Each structure stands twice: as structure tokens, then as C-alpha cells.
>>> print(open('work.cif').read())   # mmCIF, C-alpha atoms
data_target
loop_
_atom_site.label_atom_id
_atom_site.label_comp_id
_atom_site.auth_asym_id
_atom_site.auth_seq_id
_atom_site.Cartn_x
_atom_site.Cartn_y
_atom_site.Cartn_z
CA MET A 1 0.00 0.00 0.00
CA PRO A 2 1.29 3.51 -0.78
CA LYS A 3 2.13 5.82 2.12
CA ALA A 4 0.40 8.73 0.39
CA THR A 5 -2.03 9.46 -2.44
CA VAL A 6 -1.55 12.62 -4.51
CA ILE A 7 -4.89 13.90 -5.86
CA VAL A 8 -4.92 16.33 -8.81
CA PRO A 9 -8.05 17.62 -10.57
CA THR A 10 -7.55 18.89 -14.12
CA TYR A 11 -9.58 20.34 -16.96
CA ASN A 12 -8.30 20.92 -20.49
CA ARG A 13 -4.69 21.39 -19.38
CA SER A 14 -2.78 18.28 -20.36
CA ASP A 15 0.44 20.24 -20.99
CA GLU A 16 0.41 21.71 -17.48
CA LEU A 17 -0.49 18.33 -16.02
CA SER A 18 2.41 16.65 -17.81
CA GLY A 19 4.84 19.11 -16.22
CA MET A 20 3.35 18.50 -12.78
CA LEU A 21 3.66 14.72 -13.16
CA THR A 22 7.27 15.14 -14.28
CA SER A 23 8.00 17.03 -11.04
CA LEU A 24 6.43 14.18 -9.06
CA ALA A 25 8.71 11.75 -10.89
CA ARG A 26 11.67 13.53 -9.25
CA GLN A 27 10.46 13.00 -5.68
CA THR A 28 12.92 11.66 -3.12
CA CYS A 29 10.19 9.31 -1.85
CA ARG A 30 8.58 6.82 -4.24
CA GLU A 31 6.02 5.29 -1.87
CA PHE A 32 3.02 7.14 -3.25
CA GLU A 33 0.35 6.90 -5.92
CA VAL A 34 -1.17 9.64 -8.07
CA LEU A 35 -4.85 10.07 -8.88
CA VAL A 36 -5.69 12.47 -11.70
CA ILE A 37 -9.35 13.43 -11.92
CA ASP A 38 -10.18 14.55 -15.46
CA ASP A 39 -13.15 16.89 -15.02
CA ALA A 40 -14.65 16.10 -18.44
CA SER A 41 -11.93 17.74 -20.55
CA ALA A 42 -12.85 18.27 -24.20
CA LYS A 43 -10.19 15.72 -25.14
CA PRO A 44 -9.85 12.96 -22.52
CA ILE A 45 -6.64 13.27 -20.51
CA ALA A 46 -6.14 9.50 -20.74
CA ASP A 47 -5.81 9.90 -24.52
CA GLN A 48 -2.98 12.40 -24.05
CA ILE A 49 -1.06 11.09 -21.04
CA SER A 50 -0.24 7.42 -20.48
CA GLU A 51 -0.82 5.84 -17.09
CA SER A 52 2.31 3.72 -17.56
CA GLY A 53 5.97 4.68 -17.62
CA TRP A 54 6.02 6.67 -14.39
CA PRO A 55 8.01 5.77 -11.24
CA PHE A 56 4.73 5.79 -9.32
CA LYS A 57 1.30 4.26 -9.82
CA LEU A 58 -0.80 6.67 -11.90
CA ARG A 59 -4.55 6.34 -12.28
CA ILE A 60 -6.70 8.68 -14.39
CA LYS A 61 -10.41 8.89 -13.58
CA ARG A 62 -12.71 10.84 -15.90
CA ASN A 63 -15.90 12.61 -14.79
CA GLU A 64 -18.84 12.15 -17.15
CA LYS A 65 -19.62 15.88 -16.90
CA ASN A 66 -17.76 18.91 -15.64
CA SER A 67 -18.40 19.07 -11.89
CA GLY A 68 -15.85 21.52 -10.46
CA PRO A 69 -12.72 20.95 -8.38
CA GLY A 70 -14.53 20.19 -5.11
CA LYS A 71 -16.50 17.23 -6.47
CA SER A 72 -13.46 16.06 -8.42
CA ARG A 73 -11.33 15.99 -5.27
CA ASN A 74 -14.09 14.09 -3.44
CA THR A 75 -13.92 11.47 -6.19
CA GLY A 76 -10.18 11.18 -5.63
CA VAL A 77 -10.64 10.87 -1.87
CA LEU A 78 -12.97 7.89 -2.29
CA LEU A 79 -10.61 6.17 -4.75
CA ALA A 80 -7.44 6.75 -2.72
CA ARG A 81 -5.70 3.66 -1.36
CA SER A 82 -3.72 5.60 1.25
CA ASP A 83 -4.75 7.13 4.57
CA LEU A 84 -2.68 10.25 3.80
CA LEU A 85 -3.98 12.49 1.02
CA LEU A 86 -1.77 15.09 -0.68
CA PHE A 87 -3.38 17.78 -2.81
CA THR A 88 -1.85 19.95 -5.51
CA ASP A 89 -2.92 21.43 -8.87
CA ASP A 90 -1.96 20.73 -12.46
CA ASP A 91 -0.17 24.11 -12.70
CA CYS A 92 2.00 23.40 -9.66
CA ARG A 93 5.48 21.92 -9.48
CA PRO A 94 6.22 20.17 -6.15
CA ALA A 95 9.85 20.35 -5.02
CA PRO A 96 11.71 16.99 -4.84
CA GLY A 97 11.18 16.47 -1.09
CA TRP A 98 7.50 17.44 -1.10
CA VAL A 99 5.97 14.00 -0.57
CA GLU A 100 8.61 12.89 1.95
CA TYR A 101 8.28 16.01 4.12
CA PHE A 102 4.51 15.59 4.36
CA ILE A 103 4.77 11.89 5.23
CA LEU A 104 7.32 12.50 7.98
CA ALA A 105 5.46 15.50 9.38
CA MET A 106 2.13 13.67 9.56
CA GLU A 107 3.72 10.58 11.14
CA SER A 108 4.98 12.76 14.00
CA ALA A 109 1.82 14.89 14.30
CA GLY A 110 -0.73 14.43 17.06
CA ALA A 111 -4.02 12.67 16.49
CA ASP A 112 -5.83 16.02 16.58
CA VAL A 113 -3.98 17.28 13.49
CA GLY A 114 -6.31 16.90 10.53
CA GLY A 115 -4.13 18.56 7.93
CA LEU A 116 -0.85 20.24 7.10
CA GLY A 117 -0.25 23.22 4.82
CA GLY A 118 2.97 23.62 2.86
CA GLN A 119 4.66 26.69 1.43
CA THR A 120 3.70 27.83 -2.07
CA LEU A 121 5.92 30.16 -4.11
CA ALA A 122 5.56 31.56 -7.61
CA GLU A 123 7.66 29.76 -10.20
CA GLY A 124 7.98 32.79 -12.46
CA LYS A 125 9.82 36.06 -11.84
CA ASP A 126 7.50 38.36 -13.79
CA ILE A 127 5.72 41.24 -12.07
CA PHE A 128 2.47 39.28 -11.73
CA SER A 129 4.16 36.30 -10.09
CA ARG A 130 5.96 38.69 -7.73
CA TYR A 131 2.58 40.24 -6.87
CA TYR A 132 1.14 36.84 -5.88
CA ASP A 133 4.27 36.06 -3.84
CA PHE A 134 4.14 39.40 -2.02
CA HIS A 135 0.53 38.90 -0.93
CA ARG A 136 1.03 35.19 -0.11
CA LEU A 137 -2.34 34.34 -1.67
CA LEU A 138 -1.68 30.60 -1.62
CA ASP A 139 0.26 30.46 1.65
CA PRO A 140 -1.99 30.95 4.72
CA LEU A 141 -0.21 32.70 7.56
CA PRO A 142 -0.47 31.79 11.27
CA HIS A 143 -3.40 33.51 12.98
CA ASP A 144 -2.37 33.00 16.62
CA ARG A 145 0.86 34.56 17.91
CA ASN A 146 0.92 32.09 20.78
CA ASN A 147 0.74 29.16 18.34
CA PRO A 148 2.69 30.19 15.22
CA ASP A 149 2.63 26.65 13.78
CA TYR A 150 -1.16 26.70 13.45
CA ILE A 151 -2.95 28.05 10.37
CA PRO A 152 -6.64 28.89 9.84
CA TYR A 153 -7.16 26.91 6.63
CA LEU A 154 -5.46 24.79 3.97
CA VAL A 155 -4.89 25.57 0.29
CA THR A 156 -5.23 22.62 -2.07
CA ALA A 157 -2.33 23.84 -4.20
CA ASN A 158 -0.16 22.41 -1.42
CA CYS A 159 -1.54 20.49 1.54
CA ALA A 160 -1.86 17.08 3.18
CA VAL A 161 -4.85 15.75 5.11
CA ARG A 162 -5.77 12.61 6.95
CA LYS A 163 -8.38 10.76 4.93
CA ASP A 164 -10.46 9.83 7.96
CA ALA A 165 -10.48 13.45 9.18
CA LEU A 166 -11.65 14.74 5.81
CA LEU A 167 -14.35 12.11 5.43
CA HIS A 168 -15.51 12.55 9.03
CA SER A 169 -15.99 16.27 8.45
CA GLY A 170 -17.86 15.87 5.15
CA GLY A 171 -15.17 16.34 2.52
CA PHE A 172 -15.21 19.16 -0.02
CA ASP A 173 -18.33 21.23 -0.63
CA GLY A 174 -19.35 20.38 -4.18
CA ARG A 175 -21.70 23.38 -4.37
CA ILE A 176 -18.70 25.63 -5.14
CA PRO A 177 -18.52 25.28 -8.94
CA SER A 178 -15.13 26.87 -9.70
CA ALA A 179 -11.68 26.92 -8.13
CA GLY A 180 -11.60 29.19 -5.08
CA GLY A 181 -13.02 28.63 -1.62
CA GLU A 182 -13.68 24.89 -1.70
CA ASP A 183 -10.43 24.21 0.16
CA VAL A 184 -11.20 26.82 2.83
CA ALA A 185 -14.70 25.36 3.28
CA ALA A 186 -13.27 21.84 3.73
CA SER A 187 -10.75 23.22 6.24
CA LEU A 188 -13.45 24.90 8.30
CA ARG A 189 -15.46 21.68 8.26
CA MET A 190 -12.48 19.88 9.79
CA VAL A 191 -11.98 22.61 12.39
CA LYS A 192 -15.66 22.39 13.33
CA SER A 193 -15.18 18.63 13.75
CA GLY A 194 -12.42 19.22 16.31
CA TYR A 195 -9.27 18.95 14.17
CA VAL A 196 -6.44 21.47 13.99
CA LEU A 197 -4.37 22.54 10.99
CA LYS A 198 -0.62 23.13 11.12
CA ARG A 199 2.15 24.47 8.91
CA CYS A 200 4.72 22.29 7.16
CA PRO A 201 6.95 24.93 5.49
CA ASP A 202 9.48 22.36 4.24
CA ALA A 203 6.83 20.92 1.88
CA LEU A 204 7.42 23.33 -0.99
CA VAL A 205 5.46 23.80 -4.21
CA TYR A 206 6.09 26.23 -7.05
CA HIS A 207 2.97 27.61 -8.71
CA ARG A 208 2.91 28.58 -12.38
CA PHE A 209 0.82 31.77 -12.34
CA ARG A 210 -0.43 32.96 -15.71
CA PRO A 211 0.79 36.50 -16.42
CA GLY A 212 -1.50 39.33 -17.48
CA LEU A 213 -4.05 41.64 -15.87
CA ARG A 214 -6.97 39.62 -17.21
CA ASP A 215 -5.76 36.44 -15.48
CA VAL A 216 -5.13 38.33 -12.24
CA TRP A 217 -8.67 39.70 -12.39
CA LYS A 218 -10.17 36.26 -13.12
CA THR A 219 -8.22 34.69 -10.24
CA CYS A 220 -9.27 37.38 -7.74
CA TYR A 221 -12.87 37.15 -8.97
CA ARG A 222 -12.97 33.38 -8.38
CA TYR A 223 -11.41 33.77 -4.96
CA GLY A 224 -13.96 36.46 -4.14
CA LEU A 225 -16.90 34.27 -5.14
CA GLY A 226 -15.56 31.34 -3.14
CA GLY A 227 -14.80 33.58 -0.17
CA ARG A 228 -18.36 34.93 -0.13
CA PHE A 229 -19.74 31.38 -0.21
CA VAL A 230 -17.55 30.40 2.75
CA VAL A 231 -18.47 33.48 4.79
CA ASP A 232 -22.19 32.98 4.20
CA ARG A 233 -22.24 29.27 5.05
CA TYR A 234 -19.37 28.51 7.40
CA LEU A 235 -18.69 31.59 9.55
CA PRO A 236 -18.69 32.14 12.41
CA LEU A 237 -17.29 28.83 13.56
#
>>> encode(input="work.cif", output="C-alpha cells")
Amino acid sequence: MPKATVIVPTYNRSDELSGMLTSLARQTCREFEVLVIDDASAKPIADQISESGWPFKLRIKRNEKNSGPGKSRNTGVLLARSDLLLFTDDDCRPAPGWVEYFILAMESAGADVGGLGGQTLAEGKDIFSRYYDFHRLLDPLPHDRNNPDYIPYLVTANCAVRKDALLHSGGFDGRIPSAGGEDVAASLRMVKSGYVLKRCPDALVYHRFRPGLRDVWKTCYRYGLGGRFVVDRYLPL
């Protein structure tokens, strides 16, 4: 059995996905599997990327219709063969020690720790990537000075969760149709169920942000929609 399952939803981005899988092939730990959830891409991902030839077990599951990242991740959770779930995106590039750091950190974590959040940096050096890095949009900061290792929520670009904790708290909210907010909602569900979330800064991921004002606007718009959904349905705790 694998020590971890990496779950990656994707939609019409086989080139980005191929680069992400290549970064996983360079991991220092090989005791993991990868589940790619094809969210009804126009051209099936399985027709573009082979499940064989990788130094890890790769499985590609296709949704019959486009369902959004939350439902796609729930599909991956149910198919996972490991008790430790690692989440990232097709436009991310995990550093070589990413899987190993999460495995070691979760093995030493207390039973009350439901999830761990890694550090996410921009891969590019353009002005837009530097903007995302400056505001730490994908890297939640500690919210309690007395407990600097604790964070308020996880970001699915780079996090690890215990499968039983996620299932016990209800998984991802599939009512959020686009990327943005579904990871925060799942985090708050775990917190409401009694779990805590901690930082794992050694687990590093590089995010490939798309440059241009239009893409910045679209990203902030999605985050705003997801944030409003979370505020309306999950706050206060």
C-alpha cells in the first residue's frame, strides 16, 4: 500500500499536467500513488497522457460531466488507497522532497492534526508572479501569535490531510462550482469537527501563475466568489 495518495483535478490542461507529473517523478520518496481526476476535458486526458511509464502508480479517472474541483477531489478521496492524502494542482510543481516532508510530518503529528499546509511560491519572476508572492495568496499565515505553527485553513495547491479526518468532516463542498473557496470550506469543516491545521513549510510547491491583468482579475474574482460562499455558510465557527 502507498504511504500517500496525490490527488490532482484537471480540466483541459494536459500540458500543465504533464509538467506537474514530471516534477512528481523527481520525488525523493517513491512510496506514493497519483490520482488524476479529469473533469470532463474536451479531449480525454487519458488519450494524451499514459498511465504507464512513471516511477509511481498513476490512475486517471474521468468525470462524465464537468463538476468543479470540489467534487473532483471528493472522487479522488474515495478512490485513494492511502490514509494520507496530498493535494496539488496541475499548474503546480512540487519540489523533490514534497511527498517525503509531508509523510514524515504527519507521522509525527498528534491525532488532533487533521491537515498540514505547505509553502507555495511563484515559479515565475515576472511582475504578476511577484505580486502573488508578495501577498502570499496561496500560503496561509499563522493567525495566533501564541501558536505560530497553526494556520486557519489549507490551500489545495499544497496540503496534506488525513483521509479519515476529511471524510468525518464531510469532505469538499461540491456546491462551489469553480476553483476558489472549496479548500477553505473543507478546512473549516475539519476545524468544526475538532481537528487542527498546522504548517509544514518544508513541503514546498512552485505555482505557475499565468501573467497578465486579465488572469489576475479572473483569479481574484474566483477567490472572491468562493470567499463569499464560505463566509455565508461557514462563519462564524
>>> residues_around(input="work.cif", residues="A:Lys198", least_positions_apart="6", cutoff="10 Å", atoms="all atoms listed in the file", output="compact mmCIF listing (two decimals) with C-alpha atoms, in the coordinates of the input")
# COMPACT_ATOMS: atom_id res chain seq x y z
CA ALA A 105 5.46 15.50 9.38
CA MET A 106 2.13 13.67 9.56
CA ALA A 109 1.82 14.89 14.30
CA VAL A 113 -3.98 17.28 13.49
CA GLY A 114 -6.31 16.90 10.53
CA GLY A 115 -4.13 18.56 7.93
CA LEU A 116 -0.85 20.24 7.10
CA GLY A 117 -0.25 23.22 4.82
CA GLY A 118 2.97 23.62 2.86
CA PRO A 142 -0.47 31.79 11.27
CA ASN A 147 0.74 29.16 18.34
CA PRO A 148 2.69 30.19 15.22
CA ASP A 149 2.63 26.65 13.78
CA TYR A 150 -1.16 26.70 13.45
CA ILE A 151 -2.95 28.05 10.37
CA PRO A 152 -6.64 28.89 9.84
CA TYR A 153 -7.16 26.91 6.63
CA LEU A 154 -5.46 24.79 3.97
CA CYS A 159 -1.54 20.49 1.54
>>> closest_residue(input="work.cif", among="A:Pro201, A:Pro69, A:Gly171, A:Gly224", to="A:Pro140", atoms="only C-alpha atoms")
A:Pro201
>>> resolve_selection(input="work.cif", expression="the PyMOL selection byres ((chain A and resi 205-209) around 6)", output="PyMOL selection string")
chain A and resi 91-95+120-123+204+210
>>> write_last_selection(input="work.cif", atoms="C-alpha atoms", output="PDB file, keeping the file's coordinate frame")
ATOM      1  CA  ASP A  91      -0.170  24.110 -12.700  1.00  0.00           C
ATOM      2  CA  CYS A  92       2.000  23.400  -9.660  1.00  0.00           C
ATOM      3  CA  ARG A  93       5.480  21.920  -9.480  1.00  0.00           C
ATOM      4  CA  PRO A  94       6.220  20.170  -6.150  1.00  0.00           C
ATOM      5  CA  ALA A  95       9.850  20.350  -5.020  1.00  0.00           C
ATOM      6  CA  THR A 120       3.700  27.830  -2.070  1.00  0.00           C
ATOM      7  CA  LEU A 121       5.920  30.160  -4.110  1.00  0.00           C
ATOM      8  CA  ALA A 122       5.560  31.560  -7.610  1.00  0.00           C
ATOM      9  CA  GLU A 123       7.660  29.760 -10.200  1.00  0.00           C
ATOM     10  CA  LEU A 204       7.420  23.330  -0.990  1.00  0.00           C
ATOM     11  CA  ARG A 210      -0.430  32.960 -15.710  1.00  0.00           C
TER      12      ARG A 210
END
>>> residues_around(input="work.cif", residues="A:Val99", least_positions_apart="5", cutoff="9 Å", atoms="only C-alpha atoms", output="PDB file with C-alpha atoms, keeping the file's coordinate frame")
ATOM      1  CA  ALA A   4       0.400   8.730   0.390  1.00  0.00           C
ATOM      2  CA  VAL A   6      -1.550  12.620  -4.510  1.00  0.00           C
ATOM      3  CA  LEU A  24       6.430  14.180  -9.060  1.00  0.00           C
ATOM      4  CA  GLN A  27      10.460  13.000  -5.680  1.00  0.00           C
ATOM      5  CA  THR A  28      12.920  11.660  -3.120  1.00  0.00           C
ATOM      6  CA  CYS A  29      10.190   9.310  -1.850  1.00  0.00           C
ATOM      7  CA  ARG A  30       8.580   6.820  -4.240  1.00  0.00           C
ATOM      8  CA  GLU A  31       6.020   5.290  -1.870  1.00  0.00           C
ATOM      9  CA  PHE A  32       3.020   7.140  -3.250  1.00  0.00           C
ATOM     10  CA  LEU A  86      -1.770  15.090  -0.680  1.00  0.00           C
ATOM     11  CA  PRO A  94       6.220  20.170  -6.150  1.00  0.00           C
ATOM     12  CA  LEU A 104       7.320  12.500   7.980  1.00  0.00           C
ATOM     13  CA  ALA A 203       6.830  20.920   1.880  1.00  0.00           C
TER      14      ALA A 203
END
>>> resolve_selection(input="work.cif", expression="the PyMOL selection byres ((chain A and resi 39) around 9)", output="short mmCIF file (atom, residue, chain, number, x, y, z; two decimals) with C-alpha atoms, keeping the file's coordinate frame")
data_model
loop_
_atom_site.label_atom_id
_atom_site.label_comp_id
_atom_site.auth_asym_id
_atom_site.auth_seq_id
_atom_site.Cartn_x
_atom_site.Cartn_y
_atom_site.Cartn_z
CA PRO A 9 -8.05 17.62 -10.57
CA THR A 10 -7.55 18.89 -14.12
CA TYR A 11 -9.58 20.34 -16.96
CA ASN A 12 -8.30 20.92 -20.49
CA ILE A 37 -9.35 13.43 -11.92
CA ASP A 38 -10.18 14.55 -15.46
CA ALA A 40 -14.65 16.10 -18.44
CA SER A 41 -11.93 17.74 -20.55
CA LYS A 61 -10.41 8.89 -13.58
CA ARG A 62 -12.71 10.84 -15.90
CA ASN A 63 -15.90 12.61 -14.79
CA GLU A 64 -18.84 12.15 -17.15
CA LYS A 65 -19.62 15.88 -16.90
CA ASN A 66 -17.76 18.91 -15.64
CA SER A 67 -18.40 19.07 -11.89
CA GLY A 68 -15.85 21.52 -10.46
CA PRO A 69 -12.72 20.95 -8.38
CA SER A 72 -13.46 16.06 -8.42
#
>>> atom_distance(input="work.cif", atom1="atom CA of A:Gly227", atom2="atom CA of A:Gly181")
5.5 Å
>>> atom_distance(input="work.cif", atom1="atom CA of A:Gly76", atom2="atom CA of A:Val36")
7.7 Å
>>> atom_distance(input="work.cif", atom1="atom CA of A:Arg189", atom2="atom CA of A:Ser169")
5.4 Å
>>> residues_around(input="work.cif", residues="stretch 14-16 of chain A", least_positions_apart="2", cutoff="6 Å", atoms="only C-alpha atoms", output="PyMOL selection string")
chain A and resi 18-19+90-91
>>> residues_around(input="work.cif", residues="A:Asp83", least_positions_apart="6", cutoff="9 Å", atoms="only C-alpha atoms", output="number ranges by chain")
A: 2-5, 161-164
